[in-house]
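*Asks:* Below is the file input10.cif, with mmCIF, C-alpha atoms.
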data_coords
loop_
_atom_site.label_atom_id
_atom_site.label_comp_id
_atom_site.auth_asym_id
_atom_site.auth_seq_id
_atom_site.Cartn_x
_atom_site.Cartn_y
_atom_site.Cartn_z
CA MET A 211 148.36 128.24 92.64
CA LEU A 212 145.88 130.26 90.57
CA HIS A 213 146.63 133.68 92.03
CA PRO A 214 150.33 133.88 92.92
CA VAL A 215 151.31 137.19 94.52
CA ILE A 216 154.46 139.15 93.67
CA ALA A 217 156.17 141.93 95.65
CA LEU A 218 156.73 145.33 94.05
CA ASP A 219 160.51 145.06 93.73
CA GLU A 220 160.18 141.67 91.99
CA ALA A 221 157.44 143.06 89.74
CA LEU A 222 159.59 146.01 88.68
CA ALA A 223 162.47 143.64 87.95
CA LEU A 224 160.16 141.61 85.68
CA ARG A 225 159.00 144.86 84.11
CA HIS A 226 162.60 145.52 83.04
CA ARG A 227 162.59 142.08 81.41
CA GLY A 228 159.48 142.86 79.37
CA ALA A 229 156.63 141.76 81.64
CA LEU A 230 153.29 143.31 80.72
CA LEU A 231 151.79 145.46 83.48
CA VAL A 232 148.00 145.44 83.55
CA ASP A 233 146.05 148.04 85.52
CA VAL A 234 142.54 146.66 86.07
CA ARG A 235 141.19 149.79 87.75
CA THR A 236 138.60 152.02 86.09
CA PRO A 237 139.49 154.34 83.20
CA ALA A 238 139.21 157.34 85.53
CA GLU A 239 141.62 155.82 88.06
CA PHE A 240 144.03 154.89 85.27
CA ALA A 241 143.87 158.41 83.80
CA ASP A 242 144.68 159.90 87.19
CA THR A 243 147.88 157.86 87.60
CA THR A 244 149.33 154.42 86.96
CA ILE A 245 152.63 152.59 86.79
CA PRO A 246 154.37 153.92 83.65
CA GLY A 247 154.07 151.46 80.78
CA ALA A 248 150.96 149.72 82.13
CA ILE A 249 147.93 149.10 79.94
CA ASN A 250 144.38 149.59 81.20
CA VAL A 251 142.07 146.57 81.12
CA PRO A 252 139.34 147.65 83.53
CA ILE A 253 137.22 145.02 85.22
CA PHE A 254 134.59 147.69 85.94
CA ASP A 255 133.94 150.94 84.13
CA ASP A 256 133.55 154.10 86.20
CA ALA A 257 129.78 153.82 86.56
CA GLU A 258 129.93 150.13 87.51
CA ARG A 259 132.50 150.78 90.20
CA ALA A 260 130.33 153.55 91.64
CA LEU A 261 127.38 151.16 91.68
CA ILE A 262 129.37 148.46 93.50
CA GLY A 263 130.55 151.03 96.04
CA THR A 264 127.00 152.16 96.69
CA LEU A 265 125.81 148.58 97.21
CA TYR A 266 128.69 147.93 99.61
CA LYS A 267 127.82 150.97 101.73
CA GLN A 268 124.03 150.83 101.62
CA ARG A 269 123.37 147.10 101.62
CA SER A 270 126.15 144.59 102.27
CA LYS A 271 129.53 143.31 101.19
CA GLY A 272 127.87 140.12 99.88
CA ASP A 273 125.40 142.02 97.70
CA ALA A 274 128.21 144.14 96.29
CA ARG A 275 130.33 141.11 95.46
CA ARG A 276 127.46 139.20 93.84
CA ARG A 277 126.58 142.19 91.68
CA GLY A 278 130.24 142.56 90.77
CA ILE A 279 130.36 138.95 89.58
CA GLU A 280 127.23 139.49 87.48
CA LEU A 281 128.82 142.50 85.82
CA VAL A 282 132.22 140.89 85.21
CA ALA A 283 131.19 137.41 84.08
CA PRO A 284 130.11 138.33 80.52
CA LYS A 285 133.32 140.32 80.00
CA ILE A 286 135.82 137.65 81.01
CA PRO A 287 136.59 136.24 77.52
CA GLN A 288 137.12 139.73 76.08
CA LEU A 289 139.30 140.82 79.01
CA LEU A 290 141.52 137.75 78.68
CA GLN A 291 141.76 138.18 74.93
CA GLN A 292 142.83 141.82 75.33
CA ILE A 293 145.62 140.92 77.75
CA GLU A 294 146.80 137.93 75.72
CA ALA A 295 146.94 140.05 72.56
CA SER A 296 149.02 142.70 74.35
CA ARG A 297 151.50 140.26 75.85
CA ASP A 298 154.57 138.71 74.22
CA PRO A 299 154.18 134.93 74.76
CA ASP A 300 157.88 134.65 75.58
CA SER A 301 157.83 137.42 78.18
CA PRO A 302 157.61 136.90 81.97
CA PRO A 303 154.18 136.54 83.57
CA ALA A 304 151.86 139.54 83.33
CA ILE A 305 151.72 141.73 86.45
CA ILE A 306 148.13 142.52 87.44
CA PHE A 307 147.30 145.34 89.83
CA CYS A 308 144.41 147.36 91.18
CA TRP A 309 144.42 150.03 93.89
CA ARG A 310 145.46 148.02 96.96
CA GLY A 311 146.00 144.50 95.65
CA GLY A 312 142.40 143.53 96.36
CA LEU A 313 139.59 141.65 94.69
CA ARG A 314 139.83 143.19 91.23
CA SER A 315 143.43 142.16 90.61
CA LEU A 316 142.87 138.88 92.47
CA ALA A 317 139.99 138.00 90.14
CA MET A 318 141.85 138.92 86.96
CA THR A 319 144.98 137.03 88.01
CA THR A 320 142.87 133.94 88.73
CA PHE A 321 141.04 134.17 85.40
CA LEU A 322 144.32 134.48 83.50
CA ASN A 323 145.99 131.54 85.19
CA LEU A 324 142.89 129.37 84.71
CA ALA A 325 143.11 130.21 81.00
CA GLY A 326 146.78 129.23 80.87
CA ILE A 327 148.07 132.80 80.64
CA PRO A 328 150.76 133.25 83.33
CA ALA A 329 150.04 136.16 85.64
CA ARG A 330 151.00 137.48 89.07
CA GLN A 331 149.02 139.76 91.38
CA LEU A 332 150.96 142.80 92.58
CA SER A 333 151.03 142.79 96.37
CA GLY A 334 149.79 146.13 97.70
CA GLY A 335 148.63 147.22 94.25
CA HIS A 336 149.20 150.69 92.89
CA LYS A 337 149.23 152.04 96.45
CA ALA A 338 152.52 150.22 97.08
CA PHE A 339 153.99 151.74 93.91
CA ARG A 340 152.85 155.21 94.95
CA ARG A 341 154.50 154.80 98.38
CA MET A 342 157.71 153.72 96.66
CA VAL A 343 157.71 156.79 94.36
CA SER A 344 157.09 159.14 97.29
CA ARG A 345 159.90 157.53 99.28
CA TYR A 346 162.18 157.72 96.23
CA PHE A 347 161.86 161.51 96.00
CA GLU A 348 162.35 161.82 99.76
CA THR A 349 165.55 159.75 99.94
CA ALA A 350 167.15 159.15 96.53
CA ALA A 351 170.58 160.46 95.55
CA TRP A 352 171.09 161.60 91.96
CA PRO A 353 174.26 162.25 89.99
CA ARG A 354 175.19 165.86 89.28
CA ILE A 355 172.48 167.67 87.34
CA LEU A 356 173.54 170.11 84.60
CA VAL A 357 170.84 172.70 83.98
CA LEU A 358 170.22 174.68 80.80
CA ARG A 359 168.99 178.19 81.59
CA GLY A 360 168.33 181.40 79.70
CA LEU A 361 165.70 184.00 78.92
CA THR A 362 162.38 182.97 77.41
CA GLY A 363 162.61 181.97 73.75
CA VAL A 364 166.30 181.09 73.50
CA GLY A 365 165.27 177.55 72.52
CA LYS A 366 166.35 175.55 75.57
CA THR A 367 163.81 172.80 74.96
CA GLN A 368 164.74 172.49 71.29
CA LEU A 369 168.43 172.27 72.13
CA LEU A 370 167.83 169.46 74.61
CA GLN A 371 165.57 167.62 72.19
CA GLN A 372 168.41 167.58 69.66
CA LEU A 373 170.64 165.85 72.20
CA VAL A 374 168.23 163.02 73.10
CA PRO A 375 168.89 160.94 69.92
CA GLN A 376 172.62 161.37 70.56
CA GLY A 377 172.31 159.54 73.86
CA TYR A 378 172.59 162.48 76.24
CA PRO A 379 170.86 161.84 79.63
CA VAL A 380 168.10 164.44 79.15
CA VAL A 381 165.26 164.79 81.65
CA ASP A 382 162.52 166.75 79.85
CA LEU A 383 160.52 168.16 82.77
CA GLU A 384 158.28 170.28 80.55
CA GLY A 385 157.55 167.30 78.33
CA LEU A 386 156.63 165.16 81.33
CA ALA A 387 154.48 167.99 82.72
CA ASN A 388 152.95 168.75 79.30
CA HIS A 389 153.51 172.46 79.82
CA ARG A 390 155.96 175.02 78.42
CA GLY A 391 156.69 176.42 81.87
CA SER A 392 155.40 179.97 81.35
CA ALA A 393 152.25 182.06 81.77
CA PHE A 394 151.16 180.91 78.30
CA GLY A 395 152.66 177.44 78.62
CA ALA A 396 149.44 175.41 78.52
CA LEU A 397 148.02 176.94 75.34
CA GLY A 398 147.47 174.49 72.51
CA LEU A 399 148.45 171.46 74.61
CA GLU A 400 146.45 168.62 76.10
CA PRO A 401 145.67 168.94 79.85
CA GLN A 402 148.54 168.36 82.24
CA PRO A 403 148.77 165.03 84.05
CA GLY A 404 147.93 164.91 87.74
CA GLN A 405 150.69 165.41 90.30
CA LYS A 406 150.95 161.70 91.09
CA LYS A 407 151.21 160.76 87.42
CA PHE A 408 153.84 163.46 86.84
CA GLU A 409 155.94 162.10 89.70
CA ALA A 410 155.55 158.56 88.39
CA LEU A 411 156.69 159.65 84.91
CA LEU A 412 159.66 161.53 86.38
CA TRP A 413 160.60 158.49 88.50
CA HIS A 414 160.41 156.34 85.36
CA ARG A 415 162.71 158.66 83.39
CA LEU A 416 165.22 158.85 86.24
CA GLU A 417 165.15 155.06 86.53
CA GLN A 418 165.95 154.84 82.80
CA LEU A 419 168.98 157.05 83.44
CA ARG A 420 170.12 155.50 86.71
CA ALA A 421 173.45 154.39 85.18
CA ALA A 422 174.22 157.89 83.84
CA ASP A 423 177.14 159.84 85.29
CA TYR A 424 175.13 163.07 85.15
CA LEU A 425 171.68 164.37 84.19
CA LEU A 426 170.81 167.19 81.83
CA THR A 427 167.63 169.24 82.17
CA GLU A 428 166.11 172.67 81.66
CA GLY A 429 165.90 175.25 84.42
CA GLU A 430 162.41 175.45 85.90
CA SER A 431 160.75 177.12 88.84
CA LEU A 432 159.34 174.81 91.48
CA HIS A 433 156.01 174.92 89.64
CA ILE A 434 155.46 173.89 86.01
CA GLY A 435 151.92 175.01 85.36
CA ARG A 436 149.88 173.51 88.19
CA LEU A 437 152.42 170.75 88.88
CA VAL A 438 155.21 170.83 91.46
CA VAL A 439 158.71 169.50 90.77
CA PRO A 440 159.65 167.23 93.71
CA LYS A 441 161.45 169.57 96.10
CA ARG A 442 164.62 167.55 96.68
CA PHE A 443 165.07 167.05 92.94
CA HIS A 444 164.53 170.77 92.37
CA GLN A 445 167.09 171.55 95.05
CA ALA A 446 169.57 169.20 93.38
CA MET A 447 169.07 171.18 90.15
CA GLN A 448 170.54 174.27 91.85
CA GLN A 449 173.90 172.75 92.85
CA GLN A 450 175.98 172.89 89.65
CA PRO A 451 177.19 175.76 87.43
CA SER A 452 174.59 176.52 84.77
CA LEU A 453 174.64 176.35 81.01
CA TRP A 454 173.36 179.85 80.14
CA VAL A 455 171.93 180.34 76.65
CA GLU A 456 171.78 183.74 74.98
CA ALA A 457 170.16 184.69 71.68
CA SER A 458 169.01 187.83 69.89
CA LEU A 459 165.48 189.11 70.40
CA ASP A 460 164.64 188.39 66.75
CA TYR A 461 165.78 184.77 67.13
CA ARG A 462 163.80 184.36 70.34
CA VAL A 463 160.62 185.70 68.76
CA GLN A 464 160.89 183.16 65.94
CA VAL A 465 161.45 180.32 68.42
CA ILE A 466 158.32 181.29 70.35
CA LEU A 467 156.21 181.62 67.21
CA ALA A 468 157.33 178.16 66.07
CA ASP A 469 156.45 176.72 69.48
CA TYR A 470 152.81 177.86 69.20
CA PRO A 471 151.43 176.46 65.92
CA ALA A 472 148.01 177.57 64.69
CA LEU A 473 148.26 180.85 66.60
CA ASP A 474 145.09 182.30 65.09
CA ASP A 475 143.15 179.34 66.49
CA LEU A 476 144.49 180.20 69.96
CA ARG A 477 143.58 183.91 69.83
CA THR A 478 140.74 183.61 72.34
CA ALA A 479 142.83 181.40 74.64
CA PHE A 480 145.56 184.07 74.81
CA GLN A 481 143.21 186.68 76.28
CA ALA A 482 143.01 185.33 79.85
CA PRO A 483 146.81 184.98 80.37
CA ILE A 484 147.34 188.50 79.03
CA LEU A 485 144.63 189.92 81.31
CA ALA A 486 146.33 188.14 84.23
CA LEU A 487 149.39 190.38 83.64
CA LYS A 488 147.44 193.54 84.54
CA GLU A 489 148.76 193.75 88.09
CA ARG A 490 152.39 193.54 86.93
CA LEU A 491 152.19 195.56 83.70
CA GLY A 492 149.27 197.92 84.30
CA LYS A 493 145.99 198.45 82.45
CA GLN A 494 147.44 200.52 79.60
CA VAL A 495 150.12 198.00 78.62
CA VAL A 496 147.66 195.10 78.84
CA ALA A 497 145.21 197.03 76.63
CA GLU A 498 147.99 197.51 74.05
CA LEU A 499 148.83 193.80 74.16
CA LEU A 500 145.17 192.86 73.70
CA GLU A 501 144.96 195.20 70.71
CA LEU A 502 147.96 193.47 69.09
CA LEU A 503 146.29 190.14 69.83
CA GLN A 504 143.02 191.26 68.26
CA ARG A 505 144.81 192.39 65.10
CA GLY A 506 146.77 189.14 64.92
CA GLU A 507 150.13 190.95 65.01
CA TRP A 508 151.85 187.96 66.51
CA GLN A 509 155.47 188.96 65.99
CA GLN A 510 154.97 192.33 67.64
CA LEU A 511 152.90 190.80 70.44
CA VAL A 512 155.61 188.27 71.25
CA ARG A 513 158.29 190.96 71.08
CA GLU A 514 156.37 193.20 73.48
CA LEU A 515 155.76 190.33 75.90
CA MET A 516 159.48 189.55 75.88
CA VAL A 517 160.60 193.12 76.50
CA ARG A 518 157.88 194.20 78.92
CA TYR A 519 157.19 191.02 80.88
CA TYR A 520 159.50 188.03 80.45
CA ASP A 521 162.91 189.70 80.37
CA PRO A 522 162.40 191.92 83.45
CA LEU A 523 160.90 188.92 85.27
CA TYR A 524 163.70 186.46 84.54
CA LEU A 525 166.85 188.52 83.93
CA HIS A 526 167.64 188.36 87.64
CA THR A 527 168.00 184.58 87.31
CA LEU A 528 171.35 185.00 85.53
CA PRO A 529 173.53 182.62 87.57
CA GLU A 530 176.97 183.67 88.79
CA ARG A 531 178.48 180.27 87.96
CA ARG A 532 177.78 179.55 84.31
CA GLN A 533 179.05 178.45 80.94
CA GLU A 534 177.65 180.83 78.32
CA ILE A 535 176.29 179.70 74.96
CA ARG A 536 175.43 182.17 72.20
CA VAL A 537 172.84 180.73 69.81
CA GLU A 538 172.42 182.04 66.27
CA SER A 539 171.01 178.81 64.80
CA LEU A 540 169.84 175.53 66.26
CA SER A 541 172.66 173.46 64.78
CA GLN A 542 175.32 175.93 65.92
CA GLY A 543 173.71 176.07 69.36
CA VAL A 544 173.80 172.29 69.70
CA GLU A 545 177.52 172.19 68.90
CA GLN A 546 178.23 174.90 71.47
CA LEU A 547 176.08 173.13 74.05
CA ARG A 548 177.92 169.87 73.58
CA ALA A 549 181.26 171.64 74.04
CA LYS A 550 180.08 173.44 77.19
CA ILE A 551 178.73 170.20 78.68
CA THR A 552 182.15 168.65 78.20
CA ALA A 553 183.74 171.69 79.84
CA LEU A 554 181.43 171.53 82.86
CA LEU A 555 181.97 167.82 83.31
CA SER A 556 185.72 168.39 83.42
CA GLU A 557 185.24 170.64 86.47
CA PRO A 558 184.92 169.20 90.00
CA ALA A 559 181.33 168.48 91.01
CA GLY A 560 179.54 170.97 93.24
#
When written as structure tokens, how does the structure in this file appear?

*Replies:*
Amino acid sequence: MLHPVIALDEALALRHRGALLVDVRTPAEFADTTIPGAINVPIFDDAERALIGTLYKQRSKGDARRRGIELVAPKIPQLLQQIEASRDPDSPPAIIFCWRGGLRSLAMTTFLNLAGIPARQLSGGHKAFRRMVSRYFETAAWPRILVLRGLTGVGKTQLLQQLVPQGYPVVDLEGLANHRGSAFGALGLEPQPGQKKFEALLWHRLEQLRAADYLLTEGESLHIGRLVVPKRFHQAMQQQPSLWVEASLDYRVQVILADYPALDDLRTAFQAPILALKERLGKQVVAELLELLQRGEWQQLVRELMVRYYDPLYLHTLPERRQEIRVESLSQGVEQLRAKITALLSEPAG
């Protein structure tokens, strides 16, 4: 059989055993979302797919298919070579998918098997995976989630990053969302992923930690930049006593400055987020902040933003049930955090 089909659950099991996942959709489709870990070997580029779609609508299915074959035929050796080079010869068959498990993945699976490269076509394509992820966030049960909270600049992200190499079950929501989770959180970073890709990445991380007795993450609002944390997962983040981090204003300023490298290069980018604070802070305060920005007085600017904007905005989030951590240095903070995690885990869940 030149194009054997495989169900999603079987494909994901093979994925755990090292099977190569190959997304044959266009680069634009792949950039929007994919199955985490998949490589992109597009049968058509974005313009070619648009052309095929136009032929299908304006002329006929047959014309569209014939033109598709003409476009793909010269590429076949290169496409096969790319997949073969990416695949471990001793791994399970490659899993090939397109949007709905249609002609693109069917063709590539057939080509591969004809060439002696074992491959399986994913039944239902990426659409089946997307349905599974949506259902997961609607129905899944997670272990208790310990949440690190505190005012802006206390170094929550840095503390969690120190625990990852030590094997702690950290879910880095800001890292997955590519955003620092504040009004200035996108500055200096690449664009955020789309919502579907964010959810796929979060599903992947939670799957990696499915054997963990608990999860550890940073407190976030429902929105991280323009992305939304799946609501049931966000609700689960509110159930346990918090790990509340405190630090001096001077320490917090230094943490923020370190988190925004090449600040002078971002001077223009800072203007719009500061102007957006006018309704909350008033014209006079915003004018003062813009003046500090123009003069490049970064320490004072960050200090003023903390005192005037961030602290009044977030101080009310101080949770009643909490283990407090006082941070004076990163290494000392990590040791305290580890001790407080142990203390929380010794308490009954809920």

*Asks:* Write out as a list of chain:residue names which residues come within 9 Å of range 521-525 of chain A when counting all atoms listed in the file, dropping same-chain ones fewer than 4 positions away.

*Replies:*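 Listed by chain and then number, they are A:Gly360, A:Leu361, A:Thr362, A:Leu515, A:Met516, A:Val517.
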
*Asks:* Would you kindly return, as an MDAnalysis selection string, each protein, DNA or RNA residue with an atom no farther than 9 Å from any atom of Leu322 in chain A, considering all atoms listed in the file and excluding same-chain residues fewer than 4 positions away?

*Replies:* chainID A and resid 212:213 290 293:294 317:318 326:329

*Asks:* List the neighbours of range 436-446 of chain A out to 9 Å using all atoms listed in the file; skip same-chain residues closer than 2 positions along the sequence, and give me the result as a list of chain:residue names.

*Replies:*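 Near range 436-446 of chain A, the qualifying residues are A:Phe347, A:Glu348, A:Thr349, A:Ala350, A:Ala351, A:Trp352, A:Arg354, A:Ile355, A:Leu383, A:Ala387, A:Gln402, A:Pro403, A:Gly404, A:Gln405, A:Phe408, A:Glu409, A:Glu430, A:Ser431, A:Leu432, A:His433, A:Ile434, A:Gln448, A:Gln449, A:Gln450.
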
*Asks:* Here's the selection I'm unsure about, the PyMOL selection byres ((chain A and resi 535) around 6); applied to the file above, which residues does it give, as a compact mmCIF listing (two decimals) with C-alpha atoms, keeping the file's coordinate frame?

*Replies:*
# COMPACT_ATOMS: atom_id res chain seq x y z
CA TRP A 454 173.36 179.85 80.14
CA VAL A 455 171.93 180.34 76.65
CA GLU A 534 177.65 180.83 78.32
CA ARG A 536 175.43 182.17 72.20

*Asks:* Report, as JSON, the centre and edge lengths in Å (one decimal) of the axis-aligned box enclosing every listed atom of range 280-298 of chain A, padded by 3 Å on each side.

*Replies:*
{"center_x": 140.9, "center_y": 139.5, "center_z": 80.0, "size_x": 33.3, "size_y": 12.5, "size_z": 20.9}

*Asks:* Give the answer as one residue: which of A:Gln291, A:Gln481, A:Gln533, A:Gln504 has the shortest atom-to-atom distance to Ala553 in chain A, using all atoms listed in the file?

*Replies:*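 Of A:Gln291, A:Gln481, A:Gln533, A:Gln504, the one nearest Ala553 in chain A, counting all atoms listed in the file, is A:Gln533.
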
*Asks:* Once the PyMOL selection byres ((chain A and resi 225) around 12) has been applied to the shown file, what residues remain in the selection, as a PyMOL selection string?

*Replies:* chain A and resi 218-224+226-232+245-248+301-306+330+332+414

*Asks:* With distances taken over all atoms listed in the file, which residue among A:Tyr266, A:Tyr424, A:Phe339, A:Trp309 lies nearest Val380 in chain A?

*Replies:*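 The answer is A:Tyr424, which sits nearest to Val380 in chain A.
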
*Asks:* Using the chain letters and numbers from this file, what does the PyMOL selection byres ((chain A and resi 514) around 12) select? Give the answer as a PyMOL selection string.

*Replies:* chain A and resi 459-460+462-463+484+491+495-496+498-503+507-513+515-522
